[in-house]
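Structure record follows, encoded as structure tokens.
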Amino acid sequence: MSINIKRIEAETRENRLGSITGYTGTIKDLVRQTSCGCLKNKERCFSQASNCSSGCAQGYLSGIIDAAIVNHGAIGCSADVIGENTTLKWGQNIRNLEHSNVKIINTNMTENTTVFGGIDKLKEGIWEAYKRFNPKAIFITTSCASAIIGDDVKSIADEIEKEIKIPVVPVFCEGFRSKIWASGFDSAFHAVLTRIIKPPKQKRSNIVNMINFNGSARDYIIEILSNIGLVPQFGLRYSTIDEISRMSESAATISICGTLGSYLGNGLEQKFGVPYVKSIQPHGIAGMDSWLRALAKITNKEKEVEDYIKNEKLRIAPELEEIRNKLKGKKAVIGMGPSFAHNYIRVLKELGVEVIWGISWHFDQHYDHGNIPESTVALSTIEEETPISVCDQQNFEILNLLNKLKPDLYVARHPGTTVWPTKMGIPSIMLADEYSAFGYRGIIDFGYRLIDTLANNSLAQNLSSRIKLPYSKWWFEQDAFKFLENEVG
Ligand code: SF4
């Protein structure tokens, strides 16, 4: 186990999981090199904009219903609050909840603050969050500026916590600590695991912690689990601090995403003995088979799960065949976080689409339970080889590659890389919902979405005929990996 709950902060993914952001090769080679311990990161000698772990930590925690966040940083560090607010309202909408804004305060660190210290501003921010939002817990997300000047965030949090008598918890997620923004999820989960989740008062043998983002498929999951006598406890977004504090009482923890779930799932197992389901993600058919069987093993529901799987597969078989025939011969490129990327390559293959390249934004050499990511291993056992790269959303590299490969379709999970292929004339799909292609029903819906996207490409064609891309002819003639240097580390 690589999680150290005695520390006040989570270790970065680079240090904990040997995560990398630069690689090009094939899925089988990636697994071979990882297995023998010889996989090294490749640095880029040129890079464009990337992402920040503070956004992941803050974005994720901002969905907790009765918590507030104080972002101790320059005002620009809170720029993504706009997106976080939009996402929160989308989730409130699908739950028929009254719309409210995220409860975030930024301490507006300025040049003066970095010279004279930000402690007073931080205190003011915490008190303001307490008065304005009346929260059950306050999380303080750190920034590059607060970390560089060494503001003692923990002491201030402890001091005010004694007065207001709710948890005031630092979340150490400053962007410069890690090149892998998913480290921000771990920072958030570390704070929750060490300060919010309490030891169990009673065990609840029918409850399963379900770690996800926005949970659009709640009804479907409730239905699936009810078939096997289980009840999901969704989290952490759209949950209360009280509900989260009782996650230690559940029978098991399961996650929609290996990248997201590794820290909290394994942390709950390590600290409270709640087993974490280690399977491939529940997208597509093999994913759902693996997810349900692994859950059944832990909860002794094997017979019920096998019956369910058999019936569902029989039910979708004719429609799936029809979809496969329509998608036969189509070629796609994928760009997503690592767990989603390696799962969706498999899902597209299940739908009969040829994946001619898969890009993941980073790669964890192992999860916190010590295994090479299950989805990556599963993909490497498929006979057909898949060319892949690891690239932290560097659009110059992605567009160069797409220009050479000319796929029928680009499928991504982040809008920042989806708009550019569309402007190149390539039909593109942005999978904002983590439950796209979820299970047996989801793969059918996803198949129709692919068919619809391929059927009408006039938007991408119109855009490409009117838009000048920011990259020169020279760059498109270069090797896409020209700036990927030799292995380091
Ligand atoms: S924490 Fe650092 S990297 Fe992140 S937004 Fe603020 S300044 Fe930028």
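Chains: A, B, ... in order of the structure tokens. Residues: from 1 per chain. Ligands: from 1, in order shown.
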For the contact check between chain A and ligand 1, emit one row per residue of chain A within 7 Å, containing the shortest atom pair and the distance in Å rounded to one decimal, counting only C-alpha atoms and all ligand atoms, chain then rising number order, as a Markdown table.
```
| residue | atom | partner | partner_atom_place_in_ligand_line | distance |
| --- | --- | --- | --- | --- |
| A:Cys52 | CA | ligand 1 | 4 (Fe) | 4.7 |
| A:Ser53 | CA | ligand 1 | 4 (Fe) | 6.6 |
| A:Ser54 | CA | ligand 1 | 4 (Fe) | 5.4 |
| A:Gly55 | CA | ligand 1 | 4 (Fe) | 7.0 |
| A:Gly73 | CA | ligand 1 | 6 (Fe) | 6.4 |
| A:Ala74 | CA | ligand 1 | 6 (Fe) | 6.7 |
| A:Gly76 | CA | ligand 1 | 5 (S) | 6.4 |
| A:Cys77 | CA | ligand 1 | 5 (S) | 3.9 |
| A:Thr142 | CA | ligand 1 | 1 (S) | 6.9 |
| A:Ser143 | CA | ligand 1 | 1 (S) | 3.7 |
| A:Cys144 | CA | ligand 1 | 2 (Fe) | 4.1 |
| A:Ala145 | CA | ligand 1 | 7 (S) | 6.5 |
| A:Glu174 | CA | ligand 1 | 1 (S) | 4.4 |
| A:Gly175 | CA | ligand 1 | 3 (S) | 3.8 |
| A:Phe176 | CA | ligand 1 | 3 (S) | 5.7 |
```
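Residues in contact with A:Ile356 at 7 Å, where only C-alpha atoms are counted and same-chain residues fewer than 4 positions away are skipped, are listed as A:Lys331, A:Ala332, A:Val333, A:Thr386, A:Pro387.
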Requested write-out: all heavy atoms of the selected residues, as an mmCIF file, in the first residue's frame:
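To be explicit, this is the file written out as again.cif:
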```
data_model
loop_
_atom_site.group_PDB
_atom_site.id
_atom_site.type_symbol
_atom_site.label_atom_id
_atom_site.label_comp_id
_atom_site.auth_asym_id
_atom_site.auth_seq_id
_atom_site.Cartn_x
_atom_site.Cartn_y
_atom_site.Cartn_z
ATOM 1 N N LYS A 331 -12.668 4.059 -38.226
ATOM 2 C CA LYS A 331 -11.403 4.184 -37.485
ATOM 3 C C LYS A 331 -11.482 5.368 -36.528
ATOM 4 O O LYS A 331 -11.955 6.443 -36.911
ATOM 5 C CB LYS A 331 -10.245 4.413 -38.463
ATOM 6 C CG LYS A 331 -9.960 3.237 -39.381
ATOM 7 C CD LYS A 331 -8.810 3.589 -40.307
ATOM 8 C CE LYS A 331 -8.235 2.414 -41.056
ATOM 9 N NZ LYS A 331 -9.133 1.552 -41.738
ATOM 10 N N ALA A 332 -11.002 5.165 -35.296
ATOM 11 C CA ALA A 332 -11.101 6.245 -34.295
ATOM 12 C C ALA A 332 -9.778 6.469 -33.575
ATOM 13 O O ALA A 332 -8.932 5.569 -33.489
ATOM 14 C CB ALA A 332 -12.180 5.895 -33.270
ATOM 15 N N VAL A 333 -9.622 7.705 -33.080
ATOM 16 C CA VAL A 333 -8.525 8.044 -32.158
ATOM 17 C C VAL A 333 -9.181 8.478 -30.857
ATOM 18 O O VAL A 333 -10.232 9.126 -30.860
ATOM 19 C CB VAL A 333 -7.641 9.174 -32.741
ATOM 20 C CG1 VAL A 333 -6.646 9.691 -31.690
ATOM 21 C CG2 VAL A 333 -6.888 8.687 -33.983
ATOM 22 N N THR A 386 -2.555 -2.081 -30.170
ATOM 23 C CA THR A 386 -3.027 -0.696 -30.298
ATOM 24 C C THR A 386 -1.871 0.275 -30.079
ATOM 25 O O THR A 386 -1.237 0.251 -29.020
ATOM 26 C CB THR A 386 -4.118 -0.396 -29.238
ATOM 27 O OG1 THR A 386 -5.091 -1.426 -29.278
ATOM 28 C CG2 THR A 386 -4.779 0.948 -29.500
ATOM 29 N N PRO A 387 -1.593 1.131 -31.067
ATOM 30 C CA PRO A 387 -0.569 2.167 -30.850
ATOM 31 C C PRO A 387 -1.095 3.201 -29.853
ATOM 32 O O PRO A 387 -2.265 3.598 -29.929
ATOM 33 C CB PRO A 387 -0.384 2.808 -32.226
ATOM 34 C CG PRO A 387 -1.220 2.034 -33.170
ATOM 35 C CD PRO A 387 -2.212 1.244 -32.382
#
```
*Run DSSP on the backbone and give me the residues of stretch 226-397 of chain A it puts in strand (DSSP E or B), as a PyMOL selection string.*
chain A and resi 231-235+250-255+276+283+331-336+354-360+363+387-391
*Considering only C-alpha atoms, return as a VMD selection string whatever protein or nucleic-acid residues lie within 10 Å of stretch 256-263 of chain A, sequence-local ones (same chain, fewer than 6 positions apart) excluded.*
chain A and resid 2 to 3 10 182 to 190 193 210 to 213 215 269 276 to 283 291 337 to 340 343 362 to 364 366 to 369 373 to 375 434 to 435 438
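Atom pair atom CA of A:Gly22 / atom CA of A:Val390: separated by 5.0 Å.
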*Which residue out of A:Ser146, A:Thr141, A:Ser47, A:Ser226 has the minimum interatomic distance to A:Val305 when only C-alpha atoms are used?*
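That would be A:Ser226, the residue with the smallest distance to A:Val305.
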